[in-house]
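Engineer: Below is the structure I would like to discuss, written out as structure tokens.
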Amino acid sequence: VQDEIAALDAQSKEISARSAAQQQMLGRLLRHQFARGEADALRLLLAGEDPNQNARDRHFLTLLSQTRAEIIGKLREAQVEKQQLAVAAKERQFELEKIEARQKEQREGLVAQQKQRQAMLVKIADRIRGQRKELGALKRDEQRLTNLIAQLAKIASRPKKAKAQRPASNGRSEPPRLHNEHVPQPGGDGSDFAALKGRLRLPVKGDIANRFGTPRAEGGATWKGLFIRAGEGSEVRTVASGRVVFSDWLRGFGNLLIVDHDDGYLSVYGNNQSLYRQPGDTVKAGEAIAAAGNSGGNAESGLYFELRFQGQAFDPLKWVSLR
């Protein structure tokens with residue numbers, strides 16, 4: 001469009017130059033005719049000169065008039081053409097302005113998109129940093145529990161020979177139902193803990209929301225136990241007889257109670273609303289030891305439950321019966 005405007009401008013200048021030359025020629029003719037035209041015409045009417053000369057003079061005057069008329073006509077045509085060029089140039093200029101406005105709008109749109117994309121990248125980076133921070137906190141919480149259990153294991157170590165077997169998978173598939181309807185009953189089986197494999201009951205009724213080994217929502221870490229949804233205040237019962245070795249609040253686990261079942265076995269009960277037993281208390285299978293809640297900072301009320309052997313967590317679902 002800019003090239004077209006430049007071409008139109010060049011044509012307009014050319015027409016202006018041609019018109020100026022024609023106007024100069026017309027001016028000379030008019031001055032000549034004004035100076036001689038009236039006297040020559042009067043002389044032709046009154047003088048009795050040679051008729052041939054008179055005819056030649058009249059022919060000259062006629063040619064002069066025709067030339068003047070042609071010049072005036074060309075000037076008018078040039079003026080019309082110049083006006084047309086001006087209109088065309090104005091239209092092209094309008095088109096150019098529209099193109100420039102559209103390009104400006106596109107540039108502004110691109111800048112806005114770049115800013116939006118940059119803001120999105122900043123948010124994503126912040127979210128990643130937050131997730132890493134949460135993951136770090138989870139790992140630190142788990143390490144605190146692991147360290148605590150290791151310390152408790154040392155304190156509670158006894159000179160008995162370990163007759164229990166390290167828990168291993170029995171090849172059973174996971175139960176199809178993930179809802180627990182049964183809890184340990186008071187006066188339950190007093191057998192050694194290792195002999196209770198497959199016969200334990202979960203400590204509270206409710207839906208099993210999170211399972212051992214599955215990824216946590218924060219990403220990176222996995223569940224070391226089960227989270228069982230239960231209403232606040234729901235009774236939490238110990239899964240087997242033993243001795244309370246820890247009963248206090250622990251970061252990441254809320255109100256936490258740990259029972260030692262001898263031979264390296266521990267059961268862990270976290271996220272409680274309140275704790276009913278103190279360290280050193282002896283508890284029986286099926287005895288109420290706490291009330292479920294959300295003291296661990298979970299969005300839902302319930303119980304966090306783990307089983308451990310020699311400090312290592314293992315899958316409780318492979319040791320309990322949901323039927």
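Every chain in the structure tokens has a letter given in the order shown (A, B, ...), and although residue numbers restart at 1 in each chain, ligands are simply numbered from 1 in the order shown.
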I need the residues of range 78-315 of chain A that end up classed as alpha helix (DSSP H) by DSSP on the backbone, written out as a PyMOL selection string.
Structural biologist: chain A and resi 78-156
Engineer: Would you mind reading off the distance between CA of Ser241 in chain A and CA of His261 in chain A, one decimal, in Å?
Structural biologist: 6.5 Å
Engineer: Between A:Arg76, A:Arg201, A:Arg229, A:Arg107, which one has atoms that come closest to Asn294 in chain A, using only C-alpha atoms?
Structural biologist: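 For Asn294 in chain A, the nearest of the given residues is A:Arg229.
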Engineer: With distances taken over only C-alpha atoms, which of A:Ala209, A:Ala292, A:Leu307, A:Val283 is nearest to Ala194 in chain A?
Structural biologist: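 With only C-alpha atoms as the atom set, the closest residue is A:Leu307.
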Engineer: Quick one: pick out all strand (DSSP E or B) residues within range 185-272 of chain A from a backbone DSSP run and write them as a PyMOL selection string.
Structural biologist: chain A and resi 200+206-210+215+222+226-229+235-237+242-250+254-260+265-272
Engineer: Please provide the set of residues having any atom within 7 Å of Glu235 in chain A, restricted to only C-alpha atoms, with same-chain residues fewer than 6 positions apart removed, written as a VMD selection string.
Structural biologist: chain A and resid 204 288 290 to 292
Engineer: Kindly export the residues of the current selection with N, CA and C atoms, as a PDB file, in the first residue's frame.
Structural biologist:
ATOM      1  N   VAL A 204     -11.134 -48.931  63.545  1.00  0.00           N
ATOM      2  CA  VAL A 204     -12.297 -48.052  63.495  1.00  0.00           C
ATOM      3  C   VAL A 204     -13.117 -48.393  62.257  1.00  0.00           C
ATOM      4  N   ALA A 288     -10.840 -49.393  73.889  1.00  0.00           N
ATOM      5  CA  ALA A 288     -10.873 -48.039  73.332  1.00  0.00           C
ATOM      6  C   ALA A 288      -9.658 -47.270  73.827  1.00  0.00           C
ATOM      7  N   ALA A 290      -8.602 -44.201  71.884  1.00  0.00           N
ATOM      8  CA  ALA A 290      -8.617 -42.830  71.359  1.00  0.00           C
ATOM      9  C   ALA A 290      -9.946 -42.562  70.671  1.00  0.00           C
ATOM     10  N   ALA A 291     -10.136 -41.298  70.281  1.00  0.00           N
ATOM     11  CA  ALA A 291     -11.303 -40.885  69.488  1.00  0.00           C
ATOM     12  C   ALA A 291     -10.792 -40.276  68.191  1.00  0.00           C
ATOM     13  N   ALA A 292     -11.343 -40.723  67.058  1.00  0.00           N
ATOM     14  CA  ALA A 292     -10.884 -40.245  65.743  1.00  0.00           C
ATOM     15  C   ALA A 292     -11.194 -38.760  65.567  1.00  0.00           C
TER      16      ALA A 292
END
Engineer: Hey, which bits of range 257-303 of chain A sit within 10 Å of range 244-252 of chain A, and for each residue what's the closest pair of atoms and how far apart in Å (one decimal), counting only C-alpha atoms, rows by chain and increasing number, as a tab-separated table?
Structural biologist:
residue	atom	partner	partner_atom	distance
A:Leu257	CA	A:Ser247	CA	4.4
A:Ile258	CA	A:Phe246	CA	5.1
A:Val259	CA	A:Val244	CA	4.5
A:Asp260	CA	A:Val244	CA	6.3
A:His261	CA	A:Val244	CA	9.1
A:Leu266	CA	A:Val245	CA	9.4
A:Ser267	CA	A:Val244	CA	9.7
A:Val268	CA	A:Phe246	CA	9.4
A:Tyr269	CA	A:Ser247	CA	9.5
A:Gly270	CA	A:Leu250	CA	8.8
A:Asn271	CA	A:Gly252	CA	8.5
A:Asn272	CA	A:Trp249	CA	9.2
A:Ser274	CA	A:Asp248	CA	9.6
A:Leu275	CA	A:Ser247	CA	7.0
A:Tyr276	CA	A:Ser247	CA	8.7
A:Arg277	CA	A:Ser247	CA	7.0
A:Gln278	CA	A:Ser247	CA	5.6
A:Pro279	CA	A:Val245	CA	4.7
A:Gly280	CA	A:Val244	CA	5.4
A:Asp281	CA	A:Val244	CA	5.3
A:Thr282	CA	A:Val244	CA	6.3
A:Val283	CA	A:Val244	CA	7.2
A:Ile289	CA	A:Val244	CA	9.4
A:Ala290	CA	A:Ser247	CA	9.9
A:Ser295	CA	A:Trp249	CA	8.5
A:Gly296	CA	A:Gly252	CA	5.4
A:Gly297	CA	A:Gly252	CA	7.1
A:Asn298	CA	A:Gly252	CA	9.1
Engineer: Can you list, as a PyMOL selection string, every protein, DNA or RNA residue that comes within 8 Å of Ile208 in chain A when you count only C-alpha atoms, leaving out same-chain residues fewer than 5 positions away?
Structural biologist: chain A and resi 178-180+226-229
Engineer: Hey, which of A:Leu110, A:Val239, A:Ala20, A:Ala119 ends up closest to Gln185 in chain A? Count only C-alpha atoms.
Structural biologist: A:Val239
Engineer: Take CA of Gln114 in chain A and CA of Arg102 in chain A and report the distance between them in Å, one decimal.
Structural biologist: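 Calculated distance between CA of Gln114 in chain A and CA of Arg102 in chain A is 18.2 Å.
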Engineer: Between A:Pro215, A:Gly286, A:Pro186, A:Gly311, which one has atoms that come closest to Leu148 in chain A, using only C-alpha atoms?
Structural biologist: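 Closest to Leu148 in chain A of all the choices is A:Gly311.
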